[in-house]
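Trainee: Would you mind keeping the following structure in view while I ask a few things?
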Amino acid sequence: MGRKYNNPPLIEALCEFQFIPAEPYDLTIPGLFYTRVRKDFPEKQEQSGIGFTVQGSDKGIEQKITPIPSRVQFLSKDKTKLVQLAPDLLAINCLKPYPSWEEFKPIIVKNMDIYREIAKPKGFRRIGLRYINVFEFDSLNIELKDYFCYYPLVPRGFPNQLDAFLCRTELPYQEERLILTLATIMPENPNQLSITLDLDYVMNIPERIYFNDVSEWLDKAHERVENAFEACITDKLRKKFEEVGNANSIN
């Protein structure tokens with residue numbers, strides 16, 4: 001088992017499936033899907049076709065609005081979990097407070113199976129398991145190396161303080177990859193510093209795995225994301241989360 005924290009920095013976990021269709025997308029799929037999941041996800045809404053990305057520019061780190069296909073969302077009563085549908089796409093999101101991997105994984109598998117029964121896709125185009133963490137600091141000027149083992153390295157001769165930064169690395173795992181992104185984001189309090197650590201483990205080779213392999217793949221992806229999280233932070237940062245025993249921050 002890994003580590004567990006009383007106040008983990010995780011704000012959202014999600015798993016996204018992109019499918020290879022066997023035939024053109026049927027617009028009746030969302031309605032059929034809802035009849036199967038309405039007990040767990042009774043509220044439904046449509047999300048406009050826009051999204052947000054974090055990227056660097058000459059003005060610093062900016063959140064940019066980007067067009068995405070509209071999605072139908074089904075939400076749990078407490079709105080901490082949701083399932084999203086778009087043409088040939090299924091996403092399962094878990095917001096704060098995150099329960100445990102033992103609880104989240106069955107929700108992923110169950111909804112994937114329901115989608116498969118209804119839409120009958122040919123296979124997977126892409127699968128991604130993603131965990132988004134946010135760290136809040138009371139000081140605007142911190143030493144990144146005190147809190148992170150993964151951070152941008154600035155050559156000598158430059159100012160020590162970074163007003164904003166975006167650090168992205170893609171690490172290969174055979175034919176899959178882990179995408180690490182560390183970046184400053186807009187804080188709720190202007191006197192605070194907010195940093196996000198986004199870990200996304202993806203399979204993006206079409207039909208590399210089959211439906212029966214999903215459960216095993218999810219466990220592998222979760223383990224690698226979990227190990228990456230712990231490898232990216234220091235013990236000084238762990239103290240902010242109040243570690244408990246020997247379990248896992250994203251367990």
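Scheme for the structure tokens: letters A, B, ... for chains in order shown; per-chain residue numbers from 1; ligand numbers from 1 in order shown.
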I'd like the contact shell of segment 141-145 of chain A - 9 Å cut-off, only C-alpha atoms, skipping same-chain residues fewer than 6 positions apart - returned as a PDB file with C-alpha atoms, in the first residue's frame.

Mentor:
```pdb
ATOM      1  CA  TYR A 151      10.100  21.565 -11.130  1.00  0.00           C
ATOM      2  CA  PRO A 152      11.508  23.964 -13.771  1.00  0.00           C
ATOM      3  CA  ASN A 160      15.284  33.394  -8.274  1.00  0.00           C
ATOM      4  CA  GLN A 161      11.565  34.111  -8.038  1.00  0.00           C
ATOM      5  CA  LEU A 162       9.239  32.761 -10.735  1.00  0.00           C
ATOM      6  CA  ASP A 163       6.016  34.699 -11.177  1.00  0.00           C
ATOM      7  CA  LEU A 193       0.527  30.867  -4.552  1.00  0.00           C
ATOM      8  CA  THR A 234       9.115  16.122  -0.841  1.00  0.00           C
TER       9      THR A 234
END
```

Trainee: Quick one: everything within 7 Å of Thr196 of chain A, counting only C-alpha atoms, minus sequence neighbours fewer than 5 positions away in the same chain. Send it as a short mmCIF file (atom, residue, chain, number, x, y, z; two decimals) with C-alpha atoms, in the first residue's frame.

Mentor:
```
data_model
loop_
_atom_site.label_atom_id
_atom_site.label_comp_id
_atom_site.auth_asym_id
_atom_site.auth_seq_id
_atom_site.Cartn_x
_atom_site.Cartn_y
_atom_site.Cartn_z
CA ASN A 133 -3.77 18.07 -7.54
CA VAL A 134 -3.65 21.66 -6.29
CA PHE A 135 -1.23 22.97 -3.68
CA LEU A 182 3.44 21.26 -12.97
CA ALA A 183 2.19 24.83 -13.33
CA THR A 184 1.06 27.91 -11.46
CA ILE A 185 -2.66 28.64 -11.63
#
```

Trainee: Mind pulling up the distance from atom CA of Asp40 of chain A to atom CA of Leu27 of chain A?

Mentor: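 Atom CA of Leu27 of chain A sits 22.0 Å away from atom CA of Asp40 of chain A.
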
Trainee: Taking only C-alpha atoms into account, name the residue in A:Pro21, A:Gly157, A:Pro8, A:Pro172 that is nearest to Tyr98 of chain A.

Mentor: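 Result for the nearest residue to Tyr98 of chain A: A:Pro8.
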
Trainee: If you run DSSP on the backbone here, which positions in segment 16-229 of chain A get strand (DSSP E or B)? Please write them as a tab-separated table (two decimals) with N, CA and C atoms, in the first residue's frame.

Mentor:
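Below you can see out.tsv, which holds the result:
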```
chain	number	residue	atom	x	y	z
A	16	GLU	N	-11.02	8.70	-18.94
A	16	GLU	CA	-11.67	9.02	-20.21
A	16	GLU	C	-11.39	7.94	-21.24
A	17	PHE	N	-12.45	7.45	-21.88
A	17	PHE	CA	-12.34	6.47	-22.95
A	17	PHE	C	-12.74	7.14	-24.27
A	18	GLN	N	-11.90	7.00	-25.27
A	18	GLN	CA	-12.26	7.38	-26.62
A	18	GLN	C	-12.36	6.11	-27.44
A	19	PHE	N	-13.49	5.93	-28.10
A	19	PHE	CA	-13.80	4.66	-28.76
A	19	PHE	C	-13.64	4.74	-30.28
A	20	ILE	N	-13.36	3.59	-30.86
A	20	ILE	CA	-13.44	3.42	-32.30
A	20	ILE	C	-14.82	2.86	-32.60
A	43	GLU	N	-29.19	13.35	-11.91
A	43	GLU	CA	-29.28	14.67	-12.52
A	43	GLU	C	-28.54	14.70	-13.85
A	44	LYS	N	-29.15	15.35	-14.83
A	44	LYS	CA	-28.49	15.44	-16.14
A	44	LYS	C	-28.48	16.87	-16.63
A	45	GLN	N	-27.45	17.18	-17.40
A	45	GLN	CA	-27.30	18.50	-17.98
A	45	GLN	C	-26.40	18.40	-19.20
A	46	GLU	N	-26.38	19.46	-19.99
A	46	GLU	CA	-25.51	19.48	-21.16
A	46	GLU	C	-24.44	20.54	-20.96
A	47	GLN	N	-23.21	20.17	-21.24
A	47	GLN	CA	-22.08	21.08	-21.10
A	47	GLN	C	-21.79	21.69	-22.47
A	50	ILE	N	-17.04	24.03	-24.84
A	50	ILE	CA	-15.81	24.79	-24.60
A	50	ILE	C	-15.03	24.10	-23.49
A	51	GLY	N	-13.74	24.28	-23.50
A	51	GLY	CA	-12.89	23.73	-22.45
A	51	GLY	C	-11.79	24.70	-22.12
A	52	PHE	N	-10.97	24.33	-21.12
A	52	PHE	CA	-9.89	25.21	-20.68
A	52	PHE	C	-8.58	24.44	-20.71
A	53	THR	N	-7.57	25.07	-21.24
A	53	THR	CA	-6.23	24.51	-21.21
A	53	THR	C	-5.28	25.51	-20.59
A	54	VAL	N	-4.22	25.00	-19.95
A	54	VAL	CA	-3.19	25.86	-19.37
A	54	VAL	C	-2.00	25.85	-20.32
A	55	GLN	N	-1.54	27.03	-20.72
A	55	GLN	CA	-0.41	27.10	-21.63
A	55	GLN	C	0.40	28.36	-21.38
A	56	GLY	N	1.64	28.33	-21.83
A	56	GLY	CA	2.51	29.48	-21.67
A	56	GLY	C	2.36	30.45	-22.82
A	57	SER	N	2.59	31.71	-22.55
A	57	SER	CA	2.55	32.76	-23.57
A	57	SER	C	3.51	33.86	-23.16
A	60	GLY	N	2.83	35.16	-19.75
A	60	GLY	CA	2.91	34.25	-18.61
A	60	GLY	C	2.06	33.01	-18.85
A	61	ILE	N	1.63	32.36	-17.77
A	61	ILE	CA	0.80	31.18	-17.87
A	61	ILE	C	-0.66	31.61	-17.97
A	62	GLU	N	-1.32	31.16	-19.02
A	62	GLU	CA	-2.69	31.58	-19.26
A	62	GLU	C	-3.61	30.37	-19.39
A	63	GLN	N	-4.86	30.56	-18.96
A	63	GLN	CA	-5.90	29.57	-19.18
A	63	GLN	C	-6.64	29.95	-20.45
A	64	LYS	N	-6.59	29.08	-21.44
A	64	LYS	CA	-7.15	29.38	-22.75
A	64	LYS	C	-8.42	28.58	-22.99
A	65	ILE	N	-9.44	29.25	-23.53
A	65	ILE	CA	-10.69	28.58	-23.88
A	65	ILE	C	-10.52	27.90	-25.23
A	66	THR	N	-10.85	26.62	-25.29
A	66	THR	CA	-10.72	25.86	-26.53
A	66	THR	C	-12.04	25.16	-26.84
A	67	PRO	N	-12.38	25.02	-28.11
A	67	PRO	CA	-13.63	24.34	-28.46
A	67	PRO	C	-13.52	22.83	-28.28
A	71	ARG	N	-21.06	17.89	-24.41
A	71	ARG	CA	-21.17	16.64	-23.67
A	71	ARG	C	-22.46	16.62	-22.86
A	72	VAL	N	-23.06	15.45	-22.75
A	72	VAL	CA	-24.17	15.24	-21.85
A	72	VAL	C	-23.60	14.70	-20.55
A	73	GLN	N	-23.97	15.33	-19.44
A	73	GLN	CA	-23.44	14.95	-18.14
A	73	GLN	C	-24.54	14.38	-17.24
A	74	PHE	N	-24.18	13.32	-16.52
A	74	PHE	CA	-25.07	12.73	-15.53
A	74	PHE	C	-24.37	12.81	-14.18
A	75	LEU	N	-25.01	13.47	-13.21
A	75	LEU	CA	-24.37	13.77	-11.93
A	75	LEU	C	-25.02	12.99	-10.79
A	81	LYS	N	-19.61	13.16	-8.20
A	81	LYS	CA	-19.26	12.21	-9.25
A	81	LYS	C	-20.13	12.49	-10.46
A	82	LEU	N	-19.58	12.29	-11.64
A	82	LEU	CA	-20.36	12.48	-12.85
A	82	LEU	C	-19.83	11.61	-13.97
A	83	VAL	N	-20.74	11.32	-14.90
A	83	VAL	CA	-20.41	10.58	-16.11
A	83	VAL	C	-20.72	11.49	-17.28
A	84	GLN	N	-19.81	11.54	-18.25
A	84	GLN	CA	-19.98	12.42	-19.40
A	84	GLN	C	-19.96	11.62	-20.69
A	85	LEU	N	-20.88	11.97	-21.60
A	85	LEU	CA	-20.96	11.33	-22.90
A	85	LEU	C	-20.84	12.36	-24.00
A	86	ALA	N	-20.08	12.01	-25.03
A	86	ALA	CA	-20.00	12.76	-26.28
A	86	ALA	C	-19.83	11.72	-27.37
A	89	LEU	N	-17.16	8.94	-26.97
A	89	LEU	CA	-16.37	9.31	-25.79
A	89	LEU	C	-17.18	9.09	-24.52
A	90	LEU	N	-16.51	8.54	-23.51
A	90	LEU	CA	-17.09	8.34	-22.18
A	90	LEU	C	-16.06	8.79	-21.15
A	91	ALA	N	-16.48	9.65	-20.21
A	91	ALA	CA	-15.59	10.09	-19.14
A	91	ALA	C	-16.29	9.92	-17.81
A	92	ILE	N	-15.56	9.43	-16.82
A	92	ILE	CA	-16.08	9.26	-15.47
A	92	ILE	C	-15.21	10.12	-14.55
A	93	ASN	N	-15.84	11.08	-13.88
A	93	ASN	CA	-15.11	12.04	-13.04
A	93	ASN	C	-15.48	11.86	-11.57
A	94	CYS	N	-14.51	12.04	-10.72
A	94	CYS	CA	-14.72	12.02	-9.27
A	94	CYS	C	-14.08	13.28	-8.70
A	95	LEU	N	-14.91	14.13	-8.10
A	95	LEU	CA	-14.43	15.39	-7.55
A	95	LEU	C	-14.13	15.24	-6.06
A	123	GLY	N	-13.64	-0.79	-30.57
A	123	GLY	CA	-12.49	-0.89	-29.67
A	123	GLY	C	-12.14	0.48	-29.09
A	124	PHE	N	-10.97	0.56	-28.49
A	124	PHE	CA	-10.50	1.81	-27.87
A	124	PHE	C	-9.55	2.55	-28.80
A	125	ARG	N	-9.78	3.85	-28.93
A	125	ARG	CA	-8.82	4.71	-29.62
A	125	ARG	C	-7.80	5.26	-28.62
A	126	ARG	N	-8.28	5.58	-27.42
A	126	ARG	CA	-7.43	6.16	-26.38
A	126	ARG	C	-8.08	5.93	-25.03
A	127	ILE	N	-7.25	5.70	-24.01
A	127	ILE	CA	-7.72	5.63	-22.62
A	127	ILE	C	-6.79	6.50	-21.79
A	128	GLY	N	-7.35	7.27	-20.88
A	128	GLY	CA	-6.53	8.10	-20.01
A	128	GLY	C	-7.04	8.07	-18.58
A	129	LEU	N	-6.13	7.87	-17.63
A	129	LEU	CA	-6.46	7.97	-16.21
A	129	LEU	C	-5.69	9.17	-15.68
A	130	ARG	N	-6.42	10.13	-15.13
A	130	ARG	CA	-5.82	11.43	-14.81
A	130	ARG	C	-6.16	11.86	-13.40
A	131	TYR	N	-5.16	12.38	-12.69
A	131	TYR	CA	-5.33	12.90	-11.34
A	131	TYR	C	-4.80	14.33	-11.28
A	132	ILE	N	-5.63	15.25	-10.78
A	132	ILE	CA	-5.29	16.67	-10.74
A	132	ILE	C	-5.19	17.11	-9.29
A	133	ASN	N	-4.03	17.61	-8.90
A	133	ASN	CA	-3.77	18.07	-7.54
A	133	ASN	C	-3.51	19.56	-7.53
A	134	VAL	N	-3.92	20.23	-6.45
A	134	VAL	CA	-3.65	21.66	-6.29
A	134	VAL	C	-3.04	21.89	-4.92
A	135	PHE	N	-1.93	22.64	-4.91
A	135	PHE	CA	-1.23	22.97	-3.68
A	135	PHE	C	-1.32	24.48	-3.44
A	136	GLU	N	-1.68	24.86	-2.22
A	136	GLU	CA	-1.80	26.27	-1.87
A	136	GLU	C	-0.68	26.65	-0.89
A	137	PHE	N	0.00	27.76	-1.18
A	137	PHE	CA	1.07	28.26	-0.33
A	137	PHE	C	0.75	29.68	0.10
A	148	PHE	N	9.05	20.27	-4.08
A	148	PHE	CA	8.90	19.41	-5.25
A	148	PHE	C	10.24	18.83	-5.69
A	166	LEU	N	5.24	26.84	-16.33
A	166	LEU	CA	4.55	25.66	-16.84
A	166	LEU	C	5.62	24.65	-17.20
A	167	CYS	N	5.60	23.50	-16.55
A	167	CYS	CA	6.60	22.45	-16.76
A	167	CYS	C	5.87	21.17	-17.15
A	168	ARG	N	6.12	20.68	-18.36
A	168	ARG	CA	5.41	19.50	-18.88
A	168	ARG	C	6.44	18.49	-19.40
A	169	THR	N	6.25	17.24	-18.99
A	169	THR	CA	7.14	16.17	-19.41
A	169	THR	C	6.32	14.94	-19.76
A	170	GLU	N	6.68	14.27	-20.86
A	170	GLU	CA	6.02	13.03	-21.26
A	170	GLU	C	7.02	11.89	-21.13
A	171	LEU	N	6.68	10.93	-20.30
A	171	LEU	CA	7.56	9.81	-20.01
A	171	LEU	C	7.01	8.53	-20.66
A	172	PRO	N	7.82	7.83	-21.47
A	172	PRO	CA	7.33	6.62	-22.14
A	172	PRO	C	7.34	5.41	-21.21
A	173	TYR	N	6.28	4.64	-21.28
A	173	TYR	CA	6.20	3.33	-20.62
A	173	TYR	C	5.84	2.33	-21.70
A	176	GLU	N	2.95	3.18	-23.94
A	176	GLU	CA	2.06	4.11	-23.25
A	176	GLU	C	2.90	5.26	-22.72
A	177	ARG	N	2.27	6.22	-22.07
A	177	ARG	CA	3.05	7.35	-21.57
A	177	ARG	C	2.38	7.98	-20.36
A	178	LEU	N	3.22	8.61	-19.56
A	178	LEU	CA	2.76	9.36	-18.40
A	178	LEU	C	3.10	10.82	-18.65
A	179	ILE	N	2.09	11.68	-18.58
A	179	ILE	CA	2.27	13.11	-18.83
A	179	ILE	C	2.25	13.83	-17.48
A	180	LEU	N	3.36	14.47	-17.14
A	180	LEU	CA	3.47	15.24	-15.89
A	180	LEU	C	3.41	16.72	-16.23
A	181	THR	N	2.53	17.44	-15.56
A	181	THR	CA	2.44	18.88	-15.76
A	181	THR	C	2.42	19.57	-14.40
A	182	LEU	N	3.39	20.44	-14.18
A	182	LEU	CA	3.44	21.26	-12.97
A	182	LEU	C	3.35	22.72	-13.42
A	183	ALA	N	2.39	23.46	-12.86
A	183	ALA	CA	2.19	24.83	-13.33
A	183	ALA	C	1.55	25.67	-12.24
A	184	THR	N	1.79	26.97	-12.31
A	184	THR	CA	1.06	27.91	-11.46
A	184	THR	C	-0.32	28.13	-12.06
A	185	ILE	N	-1.31	28.34	-11.20
A	185	ILE	CA	-2.66	28.64	-11.63
A	185	ILE	C	-3.18	29.83	-10.84
A	193	LEU	N	-0.02	31.49	-3.35
A	193	LEU	CA	0.53	30.87	-4.55
A	193	LEU	C	-0.16	29.52	-4.74
A	194	SER	N	-0.72	29.28	-5.92
A	194	SER	CA	-1.39	28.02	-6.23
A	194	SER	C	-0.63	27.31	-7.33
A	195	ILE	N	-0.34	26.04	-7.10
A	195	ILE	CA	0.40	25.23	-8.07
A	195	ILE	C	-0.38	23.93	-8.29
A	196	THR	N	-0.51	23.54	-9.54
A	196	THR	CA	-1.19	22.30	-9.85
A	196	THR	C	-0.19	21.26	-10.35
A	197	LEU	N	-0.39	20.03	-9.92
A	197	LEU	CA	0.37	18.88	-10.43
A	197	LEU	C	-0.65	17.95	-11.09
A	198	ASP	N	-0.56	17.86	-12.40
A	198	ASP	CA	-1.51	17.09	-13.21
A	198	ASP	C	-0.79	15.87	-13.74
A	199	LEU	N	-1.32	14.67	-13.40
A	199	LEU	CA	-0.71	13.42	-13.83
A	199	LEU	C	-1.70	12.66	-14.69
A	200	ASP	N	-1.32	12.38	-15.92
A	200	ASP	CA	-2.22	11.75	-16.89
A	200	ASP	C	-1.51	10.56	-17.52
A	201	TYR	N	-2.01	9.36	-17.26
A	201	TYR	CA	-1.43	8.15	-17.84
A	201	TYR	C	-2.32	7.71	-18.99
A	202	VAL	N	-1.73	7.57	-20.19
A	202	VAL	CA	-2.56	7.36	-21.37
A	202	VAL	C	-2.09	6.18	-22.21
A	203	MET	N	-3.06	5.55	-22.83
A	203	MET	CA	-2.86	4.58	-23.89
A	203	MET	C	-3.46	5.22	-25.13
```

Trainee: Tell me, as a ChimeraX atom specification, which residues lie within 10 Å of segment 210-212 of chain A, counting only C-alpha atoms; anything in the same chain fewer than 6 positions away does not count.

Mentor: /A:109,112-113,116,122-124

Trainee: Would you write out those residues with N, CA, C and O atoms, as a short mmCIF file (atom, residue, chain, number, x, y, z; two decimals), in the first residue's frame?

Mentor:
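Final output, out24.cif:
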```
data_model
loop_
_atom_site.label_atom_id
_atom_site.label_comp_id
_atom_site.auth_asym_id
_atom_site.auth_seq_id
_atom_site.Cartn_x
_atom_site.Cartn_y
_atom_site.Cartn_z
N VAL A 109 -15.43 0.91 -14.37
CA VAL A 109 -15.66 -0.33 -15.11
C VAL A 109 -17.15 -0.53 -15.39
O VAL A 109 -17.54 -0.91 -16.51
N MET A 112 -18.29 1.87 -18.16
CA MET A 112 -17.70 1.47 -19.43
C MET A 112 -18.44 0.27 -20.01
O MET A 112 -18.73 0.20 -21.21
N ASP A 113 -18.79 -0.70 -19.15
CA ASP A 113 -19.53 -1.88 -19.60
C ASP A 113 -20.92 -1.49 -20.13
O ASP A 113 -21.39 -2.03 -21.14
N ARG A 116 -20.53 0.08 -23.50
CA ARG A 116 -20.19 -0.94 -24.49
C ARG A 116 -21.43 -1.72 -24.92
O ARG A 116 -21.61 -2.00 -26.12
N LYS A 122 -16.19 -0.67 -31.61
CA LYS A 122 -15.26 -1.66 -32.13
C LYS A 122 -14.09 -1.87 -31.18
O LYS A 122 -13.59 -2.99 -31.02
N GLY A 123 -13.64 -0.79 -30.57
CA GLY A 123 -12.49 -0.89 -29.67
C GLY A 123 -12.14 0.48 -29.09
O GLY A 123 -12.91 1.44 -29.21
N PHE A 124 -10.97 0.56 -28.49
CA PHE A 124 -10.50 1.81 -27.87
C PHE A 124 -9.55 2.55 -28.80
O PHE A 124 -8.61 1.96 -29.33
#
```

Trainee: Interatomic distance between atom CA of Cys149 of chain A and atom CA of Ala231 of chain A?

Mentor: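 Between these atoms lies a distance of 6.9 Å.
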
Trainee: Just the number, please: distance in Å from atom CA of Lys220 of chain A to atom CA of Ser76 of chain A, one decimal.

Mentor: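 Atom CA of Ser76 of chain A lies 27.0 Å from atom CA of Lys220 of chain A.
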
Trainee: Of the candidates A:Ser100, A:Lys110, A:Arg208, A:Phe158, which shows the shortest atom-to-atom distance to Arg3 of chain A, using only C-alpha atoms?

Mentor: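 Comparing A:Ser100, A:Lys110, A:Arg208, A:Phe158 against Arg3 of chain A, the winner is A:Ser100.
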
Trainee: List as a short mmCIF file (atom, residue, chain, number, x, y, z; two decimals) with C-alpha atoms, in the first residue's frame the protein and nucleic acid residues near Lys240 of chain A, meaning an atom at most 10 Å away when only C-alpha atoms are counted, but skip any in the same chain fewer than 2 places from it.

Mentor:
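Listed below is the output, out_0.cif:
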```cif
data_model
loop_
_atom_site.label_atom_id
_atom_site.label_comp_id
_atom_site.auth_asym_id
_atom_site.auth_seq_id
_atom_site.Cartn_x
_atom_site.Cartn_y
_atom_site.Cartn_z
CA TYR A 5 -3.38 11.84 3.97
CA ASN A 6 -6.01 13.60 6.06
CA ASN A 7 -5.96 16.61 3.71
CA PRO A 8 -4.91 15.34 0.28
CA PRO A 9 -4.34 17.89 -2.50
CA PHE A 135 -1.23 22.97 -3.68
CA GLU A 136 -1.80 26.27 -1.87
CA PHE A 137 1.07 28.26 -0.33
CA ASP A 235 8.52 15.18 2.80
CA LYS A 236 8.13 18.87 3.62
CA LEU A 237 5.14 19.06 1.29
CA ARG A 238 3.73 15.79 2.64
CA GLU A 242 -1.04 15.25 7.43
CA GLU A 243 0.08 11.79 6.44
#
```

Trainee: Which one is closest to Cys15 of chain A: A:Pro30, A:Pro106, A:Pro42, A:Pro99? Count only C-alpha atoms.

Mentor: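 Distance minimum relative to Cys15 of chain A lands on A:Pro106.
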
Trainee: Going by DSSP on the backbone, which residues of segment 7-232 of chain A come out as alpha helix (DSSP H)? List them as a VMD selection string.

Mentor: chain A and resid 29 to 37 101 to 119 144 to 147 214 to 232

Trainee: Just write the chosen residues, C-alpha atoms, as a compact mmCIF listing (two decimals), in the first residue's frame.

Mentor:
```
# COMPACT_ATOMS: atom_id res chain seq x y z
CA ILE A 29 -27.21 6.59 -26.96
CA PRO A 30 -27.30 9.26 -24.19
CA GLY A 31 -30.98 8.57 -23.49
CA LEU A 32 -30.48 4.81 -23.40
CA PHE A 33 -27.43 5.27 -21.19
CA TYR A 34 -29.33 7.48 -18.75
CA THR A 35 -32.03 4.85 -18.21
CA ARG A 36 -29.27 2.50 -17.01
CA VAL A 37 -27.44 4.93 -14.70
CA TRP A 101 -9.37 3.68 -5.73
CA GLU A 102 -11.31 0.65 -4.51
CA GLU A 103 -14.49 2.71 -4.83
CA PHE A 104 -13.65 4.71 -7.94
CA LYS A 105 -12.44 1.83 -10.14
CA PRO A 106 -15.73 -0.17 -10.02
CA ILE A 107 -17.62 2.97 -11.07
CA ILE A 108 -15.31 3.31 -14.08
CA VAL A 109 -15.66 -0.33 -15.11
CA LYS A 110 -19.43 -0.44 -14.58
CA ASN A 111 -20.11 2.59 -16.74
CA MET A 112 -17.70 1.47 -19.43
CA ASP A 113 -19.53 -1.88 -19.60
CA ILE A 114 -22.90 -0.10 -19.90
CA TYR A 115 -21.61 2.09 -22.71
CA ARG A 116 -20.19 -0.94 -24.49
CA GLU A 117 -23.51 -2.80 -24.29
CA ILE A 118 -25.43 0.16 -25.71
CA ALA A 119 -23.06 1.68 -28.28
CA LEU A 144 10.28 24.95 -5.33
CA LYS A 145 13.00 22.43 -4.49
CA ASP A 146 11.84 22.45 -0.86
CA TYR A 147 8.46 21.07 -1.88
CA VAL A 214 -9.45 -2.74 -19.03
CA SER A 215 -9.53 -3.72 -15.36
CA GLU A 216 -5.88 -4.81 -15.37
CA TRP A 217 -4.86 -1.70 -17.33
CA LEU A 218 -6.60 0.59 -14.84
CA ASP A 219 -4.74 -0.93 -11.89
CA LYS A 220 -1.42 -0.54 -13.71
CA ALA A 221 -2.21 3.06 -14.66
CA HIS A 222 -3.27 3.92 -11.12
CA GLU A 223 -0.11 2.43 -9.65
CA ARG A 224 2.08 4.44 -12.00
CA VAL A 225 0.20 7.67 -11.34
CA GLU A 226 0.42 7.01 -7.60
CA ASN A 227 4.17 6.37 -7.76
CA ALA A 228 4.68 9.47 -9.90
CA PHE A 229 2.83 11.66 -7.41
CA GLU A 230 4.98 10.51 -4.51
CA ALA A 231 8.15 10.87 -6.60
CA CYS A 232 7.29 14.48 -7.47
```
